[in-house]
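Asker: Just my_file-v3.txt, nothing more (compact mmCIF, C-alpha atoms and all ligand atoms):
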```txt
# COMPACT_ATOMS: atom_id res chain seq x y z
CA MET A 127 0.00 0.00 0.00
CA ALA A 128 1.19 3.48 -0.79
CA GLY A 129 2.51 5.43 2.19
CA LEU A 130 1.41 8.86 1.03
CA THR A 131 -0.69 10.01 -1.90
CA LEU A 132 -1.25 13.59 -2.98
CA VAL A 133 -4.09 14.01 -5.45
CA ASP A 134 -4.28 17.24 -7.47
CA LEU A 135 -3.25 19.31 -4.48
CA THR A 136 -3.89 23.00 -5.14
CA LYS A 137 -3.50 26.14 -3.02
CA ARG A 138 -4.27 29.70 -4.09
CA TYR A 139 -3.53 32.98 -2.34
CA GLY A 140 -5.81 35.67 -3.75
CA GLY A 141 -5.34 35.46 -7.51
CA ALA A 142 -1.99 33.68 -7.29
CA THR A 143 -1.64 29.91 -7.35
CA ALA A 144 1.08 28.78 -4.93
CA VAL A 145 0.62 25.06 -5.63
CA SER A 146 -1.11 23.75 -8.72
CA ASN A 147 -2.45 20.22 -9.21
CA VAL A 148 0.39 18.38 -7.52
CA SER A 149 -0.09 14.61 -7.58
CA ILE A 150 2.48 12.28 -6.04
CA THR A 151 2.38 8.71 -4.74
CA LEU A 152 5.08 7.69 -2.28
CA ASN A 153 5.85 4.13 -1.32
CA ASP A 154 6.38 2.97 2.22
CA GLY A 155 9.82 3.96 3.49
CA GLU A 156 10.58 6.19 0.51
CA LEU A 157 12.34 9.53 0.88
CA LEU A 158 11.01 12.18 -1.49
CA SER A 159 12.85 15.45 -1.85
CA LEU A 160 10.80 18.42 -2.98
CA LEU A 161 13.27 20.66 -4.76
CA GLY A 162 12.92 24.00 -6.45
CA PRO A 163 13.79 27.69 -6.36
CA SER A 164 12.44 30.08 -3.75
CA GLY A 165 8.69 30.56 -4.07
CA CYS A 166 8.05 27.42 -6.17
CA GLY A 167 5.54 26.03 -3.66
CA LYS A 168 7.52 23.31 -1.89
CA THR A 169 6.94 24.57 1.67
CA THR A 170 3.26 25.13 0.97
CA THR A 171 3.00 21.53 -0.24
CA LEU A 172 4.76 20.22 2.87
CA ARG A 173 2.57 22.30 5.18
CA MET A 174 -0.56 21.02 3.47
CA ILE A 175 0.60 17.45 4.20
CA GLY A 176 1.26 18.40 7.84
CA GLY A 177 -2.14 20.09 8.15
CA PHE A 178 -0.84 23.64 8.74
CA ILE A 179 -2.32 24.92 5.47
CA THR A 180 -5.69 23.85 4.08
CA PRO A 181 -5.68 23.08 0.35
CA ASP A 182 -8.29 24.68 -1.89
CA GLU A 183 -8.57 21.51 -3.93
CA GLY A 184 -7.30 17.99 -3.91
CA ASP A 185 -6.82 15.23 -1.40
CA ILE A 186 -4.11 13.77 0.84
CA LEU A 187 -4.18 10.09 1.69
CA ILE A 188 -2.03 8.17 4.12
CA ASP A 189 -2.25 4.39 3.76
CA GLY A 190 -5.32 4.93 1.62
CA GLN A 191 -7.22 7.07 4.18
CA SER A 192 -7.95 10.73 3.47
CA ILE A 193 -6.50 12.93 6.20
CA VAL A 194 -7.17 16.23 4.51
CA ARG A 195 -9.84 17.26 7.04
CA LEU A 196 -7.85 16.34 10.15
CA PRO A 197 -6.02 18.99 12.21
CA PRO A 198 -2.22 18.61 12.44
CA GLU A 199 -2.27 16.91 15.85
CA ARG A 200 -4.61 14.19 14.61
CA ARG A 201 -2.54 13.40 11.52
CA PRO A 202 0.03 10.59 11.58
CA THR A 203 2.68 13.08 10.54
CA ALA A 204 5.51 14.88 12.34
CA MET A 205 7.30 17.95 11.08
CA VAL A 206 10.87 19.08 11.71
CA PHE A 207 11.27 22.79 11.13
CA GLN A 208 14.19 24.74 9.75
CA ARG A 209 14.74 26.53 13.07
CA TYR A 210 14.27 23.42 15.22
CA ALA A 211 11.55 25.12 17.34
CA LEU A 212 12.78 23.55 20.60
CA TRP A 213 11.28 24.74 23.89
CA PRO A 214 14.06 26.88 25.39
CA HIS A 215 13.07 26.34 29.03
CA MET A 216 13.06 22.53 28.74
CA THR A 217 16.01 20.14 28.78
CA VAL A 218 16.80 17.94 25.81
CA TYR A 219 15.13 15.05 27.61
CA ASP A 220 11.94 17.02 28.30
CA ASN A 221 11.84 18.40 24.77
CA ILE A 222 11.85 14.88 23.38
CA ALA A 223 9.50 13.50 26.06
CA PHE A 224 6.91 16.27 25.83
CA GLY A 225 4.82 14.82 23.00
CA LEU A 226 4.76 11.43 24.73
CA GLN A 227 3.59 12.99 28.01
CA LEU A 228 0.71 14.60 26.12
CA ARG A 229 -0.21 11.12 24.97
CA ASN A 230 -0.35 9.95 28.61
CA LYS A 231 2.37 7.35 28.25
CA SER A 232 3.75 5.85 31.46
CA ARG A 233 7.01 7.26 32.90
CA GLU A 234 8.66 3.93 32.25
CA GLU A 235 7.61 3.82 28.62
CA ILE A 236 8.62 7.45 28.06
CA ARG A 237 12.07 6.83 29.58
CA LYS A 238 12.70 3.87 27.29
CA THR A 239 11.42 5.61 24.13
CA VAL A 240 13.44 8.76 24.81
CA ASP A 241 16.59 6.75 25.59
CA ASP A 242 16.22 4.83 22.32
CA ALA A 243 15.74 8.09 20.40
CA LEU A 244 18.82 9.62 22.05
CA VAL A 245 20.89 6.65 20.92
CA LEU A 246 19.40 6.69 17.41
CA THR A 247 20.22 10.36 16.92
CA GLY A 248 23.63 10.23 18.59
CA LEU A 249 22.72 12.33 21.64
CA PRO A 250 23.42 10.22 24.76
CA GLY A 251 24.92 12.36 27.54
CA LYS A 252 23.18 15.52 26.28
CA GLU A 253 19.77 14.89 27.89
CA LYS A 254 20.21 17.39 30.76
CA ARG A 255 21.30 20.26 28.55
CA TYR A 256 19.10 23.16 27.53
CA PRO A 257 18.73 24.18 23.87
CA HIS A 258 21.05 27.19 24.24
CA GLN A 259 23.81 24.78 25.32
CA LEU A 260 23.60 22.81 22.06
CA SER A 261 25.35 23.24 18.73
CA GLY A 262 23.19 23.66 15.61
CA GLY A 263 23.71 20.02 14.65
CA GLU A 264 22.76 18.80 18.13
CA ALA A 265 19.65 21.01 18.19
CA GLN A 266 18.61 19.57 14.83
CA ARG A 267 19.12 16.04 16.18
CA VAL A 268 16.88 16.85 19.16
CA ALA A 269 14.21 18.16 16.78
CA LEU A 270 14.48 14.94 14.78
CA ALA A 271 14.34 12.77 17.93
CA ARG A 272 11.30 14.70 19.15
CA ALA A 273 9.51 13.98 15.86
CA LEU A 274 10.53 10.30 15.69
CA VAL A 275 9.37 9.34 19.22
CA LEU A 276 5.81 10.11 18.11
CA GLU A 277 6.16 7.24 15.61
CA PRO A 278 4.59 9.15 12.74
CA ARG A 279 3.75 7.37 9.49
CA ILE A 280 5.14 10.31 7.55
CA LEU A 281 8.12 12.47 8.54
CA LEU A 282 8.13 15.99 7.13
CA LEU A 283 11.42 17.90 7.00
CA ASP A 284 11.38 21.58 6.08
CA GLU A 285 14.90 22.59 4.97
CA PRO A 286 16.27 20.94 8.12
CA LEU A 287 19.92 21.64 7.29
CA SER A 288 19.77 25.22 6.12
CA ASN A 289 21.01 26.71 9.41
CA LEU A 290 24.12 24.55 9.56
CA ASP A 291 27.56 25.31 8.14
CA ALA A 292 28.72 23.48 5.03
CA GLN A 293 30.63 20.61 6.67
CA LEU A 294 28.05 19.89 9.32
CA ARG A 295 25.39 20.04 6.65
CA LEU A 296 27.02 17.19 4.80
CA ARG A 297 27.40 15.13 7.96
CA MET A 298 23.82 15.71 9.14
CA ARG A 299 22.53 14.96 5.65
CA ASP A 300 24.10 11.52 5.76
CA GLU A 301 22.93 10.99 9.33
CA ILE A 302 19.34 11.89 8.51
CA ARG A 303 19.37 9.51 5.57
CA ASN A 304 20.87 6.79 7.72
CA ILE A 305 18.29 7.22 10.50
CA GLN A 306 15.44 7.46 7.98
CA GLN A 307 16.48 4.16 6.40
CA ARG A 308 16.96 2.43 9.75
CA VAL A 309 13.53 3.47 10.96
CA ASN A 310 12.21 2.93 7.41
CA ILE A 311 9.93 5.95 7.62
CA THR A 312 8.24 7.55 4.60
CA THR A 313 9.72 11.04 4.42
CA VAL A 314 9.22 14.30 2.53
CA PHE A 315 12.30 16.50 2.61
CA VAL A 316 12.06 20.09 1.34
CA THR A 317 15.22 21.72 0.06
CA HIS A 318 16.36 24.27 -2.48
CA ASP A 319 19.80 22.63 -2.58
CA GLN A 320 20.00 20.30 -5.56
CA GLU A 321 23.14 18.55 -4.34
CA GLU A 322 21.36 17.71 -1.09
CA ALA A 323 18.35 16.36 -2.98
CA LEU A 324 20.47 14.31 -5.38
CA ALA A 325 22.44 12.82 -2.47
CA ILE A 326 19.64 11.97 -0.08
CA ALA A 327 16.47 11.17 -2.03
CA ASP A 328 14.97 8.01 -3.48
CA ARG A 329 12.98 10.30 -5.75
CA ILE A 330 13.01 14.02 -6.38
CA GLY A 331 10.00 16.18 -7.19
CA VAL A 332 11.26 19.28 -8.98
CA MET A 333 8.82 22.17 -8.57
CA ASN A 334 8.57 25.41 -10.51
CA GLY A 335 5.90 28.08 -10.22
CA GLY A 336 3.64 25.79 -8.17
CA HIS A 337 3.84 22.93 -10.69
CA LEU A 338 5.56 19.60 -10.37
CA GLU A 339 7.93 19.64 -13.35
CA GLN A 340 9.32 16.13 -12.92
CA LEU A 341 9.08 13.33 -10.38
CA ALA A 342 11.85 10.77 -10.82
CA SER A 343 14.94 9.16 -9.32
CA PRO A 344 17.99 11.42 -8.83
CA ASP A 345 19.71 9.56 -11.64
CA GLU A 346 16.86 10.12 -14.08
CA ILE A 347 16.46 13.77 -13.08
CA TYR A 348 20.14 14.27 -13.88
CA THR A 349 20.41 12.21 -17.06
CA GLN A 350 16.92 12.70 -18.54
CA PRO A 351 15.59 16.11 -17.43
CA ALA A 352 12.00 16.06 -18.67
CA THR A 353 11.71 19.81 -19.14
CA LEU A 354 14.00 22.67 -20.03
CA PHE A 355 13.46 24.05 -16.54
CA VAL A 356 14.80 20.86 -14.93
CA ALA A 357 17.68 20.77 -17.43
CA SER A 358 18.67 24.30 -16.50
CA PHE A 359 18.04 23.95 -12.75
CA ILE A 360 19.90 20.69 -12.06
CA GLY A 361 23.68 20.57 -12.48
CA ASN A 362 25.77 22.33 -15.03
CA MET A 363 24.28 22.41 -18.52
CA ASN A 364 25.11 24.12 -21.81
CA LEU A 365 21.84 25.38 -23.30
CA LEU A 366 22.24 26.19 -26.96
CA PRO A 367 19.30 27.76 -28.81
CA GLY A 368 19.10 26.69 -32.42
CA SER A 369 16.90 26.30 -35.45
CA ILE A 370 15.58 23.04 -36.82
CA THR A 371 16.86 22.27 -40.30
CA ASP A 372 16.96 18.99 -42.23
CA GLY A 373 17.40 16.37 -39.51
CA ALA A 374 19.51 18.64 -37.31
CA VAL A 375 19.38 21.52 -34.87
CA GLN A 376 21.78 24.22 -35.97
CA CYS A 377 23.09 26.24 -33.02
CA GLY A 378 25.31 28.91 -34.55
CA LEU A 379 28.19 26.97 -36.09
CA LEU A 380 27.39 23.81 -34.15
CA GLY A 381 25.07 21.29 -35.79
CA PHE A 382 23.44 18.52 -33.73
CA ALA A 383 21.73 15.60 -35.47
CA ILE A 384 18.17 15.06 -34.27
CA PRO A 385 17.96 11.51 -32.89
CA GLN A 386 15.76 9.21 -34.95
CA ASP A 387 13.33 8.47 -32.14
CA ALA A 388 12.90 12.15 -31.23
CA ARG A 389 9.28 13.31 -31.12
CA LEU A 390 9.24 16.88 -32.33
CA SER A 391 5.84 18.53 -32.34
CA GLY A 392 6.58 20.27 -35.63
CA SER A 393 4.84 23.39 -34.31
CA THR A 394 8.02 25.46 -34.39
CA ARG A 395 11.37 25.66 -36.13
CA GLU A 396 13.15 26.42 -32.88
CA ALA A 397 14.76 24.02 -30.46
CA ILE A 398 17.30 24.06 -27.65
CA ILE A 399 20.17 21.63 -27.35
CA ALA A 400 21.16 20.81 -23.78
CA VAL A 401 24.51 19.18 -23.21
CA ARG A 402 26.41 18.72 -19.97
CA PRO A 403 30.04 19.90 -19.90
CA GLU A 404 31.16 16.35 -19.04
CA GLU A 405 29.43 15.05 -22.19
CA LEU A 406 31.52 17.34 -24.39
CA VAL A 407 34.93 15.78 -24.93
CA LEU A 408 38.10 17.13 -26.47
CA ASP A 409 38.64 14.98 -29.52
CA GLY A 410 41.06 15.72 -32.36
CA HIS A 411 38.55 14.24 -34.82
CA GLY A 412 35.51 15.90 -33.24
CA PRO A 413 33.10 17.78 -35.48
CA TYR A 414 33.16 21.01 -33.46
CA HIS A 415 35.98 23.56 -33.16
CA GLY A 416 36.63 26.48 -30.94
CA GLN A 417 39.17 28.38 -28.95
CA VAL A 418 39.64 28.14 -25.20
CA THR A 419 38.93 31.52 -23.61
CA GLN A 420 39.06 30.49 -19.96
CA SER A 421 40.01 27.54 -17.79
CA ILE A 422 38.17 27.35 -14.46
CA ASN A 423 39.64 25.14 -11.77
CA LEU A 424 36.88 23.45 -9.78
CA GLY A 425 39.11 21.30 -7.59
CA ASP A 426 38.26 17.80 -8.80
CA HIS A 427 37.99 18.87 -12.48
CA LYS A 428 38.32 21.89 -14.74
CA LEU A 429 35.80 23.67 -16.92
CA LEU A 430 37.05 25.11 -20.18
CA VAL A 431 35.06 27.95 -21.69
CA VAL A 432 35.30 27.45 -25.44
CA ASP A 433 34.35 30.09 -28.00
CA ALA A 434 32.79 28.11 -30.82
CA GLY A 435 32.00 31.08 -33.05
CA GLU A 436 28.48 32.14 -32.19
CA GLN A 437 28.32 30.09 -28.99
CA LEU A 438 30.29 29.86 -25.78
CA VAL A 439 30.30 26.32 -24.44
CA ARG A 440 31.71 24.81 -21.26
CA VAL A 441 33.70 21.61 -21.61
CA ALA A 442 34.78 19.58 -18.56
CA VAL A 443 38.31 18.19 -18.53
CA ALA A 444 40.34 16.31 -15.93
CA ARG A 445 42.08 18.26 -13.17
CA GLU A 446 45.52 17.44 -14.57
CA ASP A 447 44.72 18.48 -18.16
CA ALA A 448 46.46 21.76 -18.92
CA VAL A 449 44.67 23.50 -21.79
CA PRO A 450 45.77 27.15 -21.75
CA ARG A 451 43.78 30.11 -23.00
CA GLY A 452 43.97 30.54 -26.74
CA THR A 453 44.34 26.80 -27.50
CA ALA A 454 42.39 25.73 -30.58
CA VAL A 455 40.40 22.59 -29.80
CA ASN A 456 38.16 20.10 -31.55
CA PHE A 457 35.45 18.43 -29.56
CA SER A 458 32.48 16.12 -29.86
CA ALA A 459 29.27 15.50 -27.89
CA ARG A 460 28.76 12.06 -26.36
CA ARG A 461 25.21 12.76 -25.30
CA TYR A 462 22.79 15.66 -25.65
CA HIS A 463 19.09 16.44 -25.38
CA VAL A 464 16.73 18.22 -27.75
CA TYR A 465 14.05 20.45 -26.18
CA GLU A 466 11.19 21.97 -28.09
CA ASP A 467 8.51 24.12 -26.42
CA GLY A 468 10.38 23.57 -23.13
CA VAL A 469 9.84 19.79 -23.25
CA LEU A 470 12.37 16.99 -23.81
CA ARG A 471 11.82 15.55 -27.30
CA GLY A 472 14.81 13.25 -27.64
CA THR A 473 18.25 12.28 -26.40
CA ALA A 474 21.21 11.48 -28.62
CA VAL A 475 24.02 9.24 -27.45
CA SER A 476 27.33 9.09 -29.25
CA ASN A 477 26.30 6.45 -31.81
CA ASP A 478 23.79 8.95 -33.16
CA THR A 479 26.38 11.68 -33.42
CA ALA A 480 29.16 9.70 -35.08
P1 LIG A 501 11.17 29.13 -0.15
O1 LIG A 501 12.26 28.20 -0.59
O2 LIG A 501 11.52 30.56 -0.35
O3 LIG A 501 10.64 28.82 1.21
P2 LIG A 501 8.91 27.75 -1.35
O4 LIG A 501 9.18 27.00 -2.60
O5 LIG A 501 8.83 26.97 -0.12
O6 LIG A 501 9.95 28.93 -1.20
P3 LIG A 501 6.26 28.63 -0.72
O7 LIG A 501 6.62 29.18 0.62
O8 LIG A 501 5.53 27.37 -0.77
O9 LIG A 501 7.56 28.53 -1.62
O10 LIG A 501 5.44 29.77 -1.49
C1 LIG A 501 4.85 29.55 -2.77
C2 LIG A 501 4.22 30.84 -3.26
O11 LIG A 501 3.10 31.18 -2.45
C3 LIG A 501 5.15 32.04 -3.22
O12 LIG A 501 4.92 32.82 -4.34
C4 LIG A 501 4.73 32.76 -1.95
O13 LIG A 501 4.97 34.13 -2.07
C5 LIG A 501 3.24 32.47 -1.88
N1 LIG A 501 2.74 32.42 -0.50
C6 LIG A 501 3.14 31.58 0.47
N2 LIG A 501 2.46 31.80 1.62
C7 LIG A 501 1.61 32.83 1.37
C8 LIG A 501 0.64 33.53 2.15
N3 LIG A 501 0.38 33.19 3.42
N4 LIG A 501 -0.05 34.52 1.54
C9 LIG A 501 0.18 34.85 0.27
N5 LIG A 501 1.08 34.23 -0.54
C10 LIG A 501 1.79 33.23 0.01
```
Show this structure as structure tokens.
Answerer:
Amino acid sequence: MAGLTLVDLTKRYGGATAVSNVSITLNDGELLSLLGPSGCGKTTTLRMIGGFITPDEGDILIDGQSIVRLPPERRPTAMVFQRYALWPHMTVYDNIAFGLQLRNKSREEIRKTVDDALVLTGLPGKEKRYPHQLSGGEAQRVALARALVLEPRILLLDEPLSNLDAQLRLRMRDEIRNIQQRVNITTVFVTHDQEEALAIADRIGVMNGGHLEQLASPDEIYTQPATLFVASFIGNMNLLPGSITDGAVQCGLLGFAIPQDARLSGSTREAIIAVRPEELVLDGHGPYHGQVTQSINLGDHKLLVVDAGEQLVRVAVAREDAVPRGTAVNFSARRYHVYEDGVLRGTAVSNDTA
């Protein structure tokens, strides 16, 4: 049975639509990352699941039961907020125990549940501290422990790592994923950080302007972006506008064969070629030429900016490759996508381009 189902979820504010017809089905134990730029509707979607915002249309089902009319406290969900929202006058132990006390659990039971949660989140020895005596990472762990002791069916995380510095962010990201998999809890994780989403999620829902642009595995989102928005939002991508001619898209001096199985609508003569820098390779026999205008060192690899006449393209090369400014290069594309009307129409892999 599906863990969580959103059916045509819609929320409007005045004339503006914050979330528009979002439908998602999540399996038990799955971690979904809702990803998108500021204002795309991801927090509104999360808050509708938690019951803090009432949708104008649509339904929310957990294990097949509609929960859309239940108040937050009666939903089998628990939310972890960006700013932890711990009670400052309570110790770590009491913060975690509070929800259980409200449920009239016995002292014994509460002690055991809280102790287990402290171990799970790596907090033993911190139970007598107050929130102001905790680091950001510890505070976030307490917030997570406090949510998990309630044994929700669905865990909702609203940018839980955004207040942490870069290194701690990475560590907590892995910890959250680890805990989520150990407890096997269905989770929705809101972030605007694509790297975080790619690293942590089973599936990513990319949102834009209230719409769900694509719902797919991190791998598919990266290698088969369904829309031009996803192609431009995720990772590094060369986007080359061109015109459709006989069997090819001509982008300035660069011609890209249209793959045979591409499904162009035929409604326009314009298309955009999207190609990742790592799919462009320096190749003495390659069909494209240009001149290196810049070499950007990114630590584990370099990006060359190549002037190919009417287009500037970025080509990834290995860290140790020294290709100075002014070098004339030939290159080829191992894999590229054709977008028409903002939608993916076909993908070419190197056999098509040879
Ligand atoms: P961020 O990453 O900045 O938090 P988000 O993707 O979570 O952005 P939402 O907070 O869901 O975006 O907001 C979606 C849209 O709805 C935005 O345009 C926002 O301005 C609007 N919005 C959100 N809450 C309200 C409100 N209470 N009244 C009016 N408009 C709102």
Asker: May I have the residues at most 10 Å from (16.6, 19.8, -19.2) in the file's coordinates, counting only C-alpha atoms, as a PyMOL selection string?
Answerer: chain A and resi 347-361+363-365+398-402+462-465+468-470
Asker: May I ask which of the residues A:His415, A:Arg395, A:Lys238, A:Arg267 is the closest one to Leu380 of chain A, counting only C-alpha atoms?
Answerer: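 Looking at the shortest contact to Leu380 of chain A, the residue is A:His415.
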Asker: Using all atoms listed in the file, find the one residue out of A:Val455, A:Leu294, A:Val148, A:Leu135 that sits nearest to Glu339 of chain A.
Answerer: A:Val148
Asker: May I ask you to write as a count of residues only all residues lying at most 10 Å from ligand LIG 501 (chain A), with all atoms listed in the file counted?
Answerer: 35
Asker: Mind checking which residues fall within 12 Å of Asp387 of chain A, counting all atoms listed in the file, ignoring those fewer than 6 positions away in the same chain, and posting them as a list in words?
Answerer: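 What passes the distance filter is Gly373, His463, Val464, Leu470, Arg471, Gly472, Thr473, Ala474, Val475 and Asp478 of chain A.
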Asker: Is there a way to get, as a ChimeraX atom specification, all residues within 12 Å of the point (-8.1, 8.0, 4.8) in file coordinates, counting only C-alpha atoms?
Answerer: /A:128-132,185-196,201-202
Asker: With only C-alpha atoms as the basis for distance, which of A:Gly184, A:Pro367, A:Gly225, A:Pro403 is at the shortest distance from Phe382 of chain A?
Answerer: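 For Phe382 of chain A, the nearest of the given residues is A:Pro367.
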Asker: Give me the residues within 8 Å of Glu253 of chain A as a ChimeraX atom specification, counting all atoms listed in the file and dropping any in the same chain fewer than 6 places off.
Answerer: /A:217-219,244
Asker: Let's have the selection written as a PDB file, keeping the file's coordinate frame, with C-alpha atoms.
Answerer:
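Now in part02.pdb:
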```pdb
ATOM      1  CA  THR A 217      16.010  20.140  28.780  1.00  0.00           C
ATOM      2  CA  VAL A 218      16.800  17.940  25.810  1.00  0.00           C
ATOM      3  CA  TYR A 219      15.130  15.050  27.610  1.00  0.00           C
ATOM      4  CA  LEU A 244      18.820   9.620  22.050  1.00  0.00           C
TER       5      LEU A 244
END
```
Asker: Taking all atoms listed in the file into account, name the residue in A:Ile311, A:Ile330, A:Leu152, A:Ala292 that is nearest to Ile280 of chain A.
Answerer: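 Going through A:Ile311, A:Ile330, A:Leu152, A:Ala292 one by one, the smallest distance to Ile280 of chain A is for A:Ile311.
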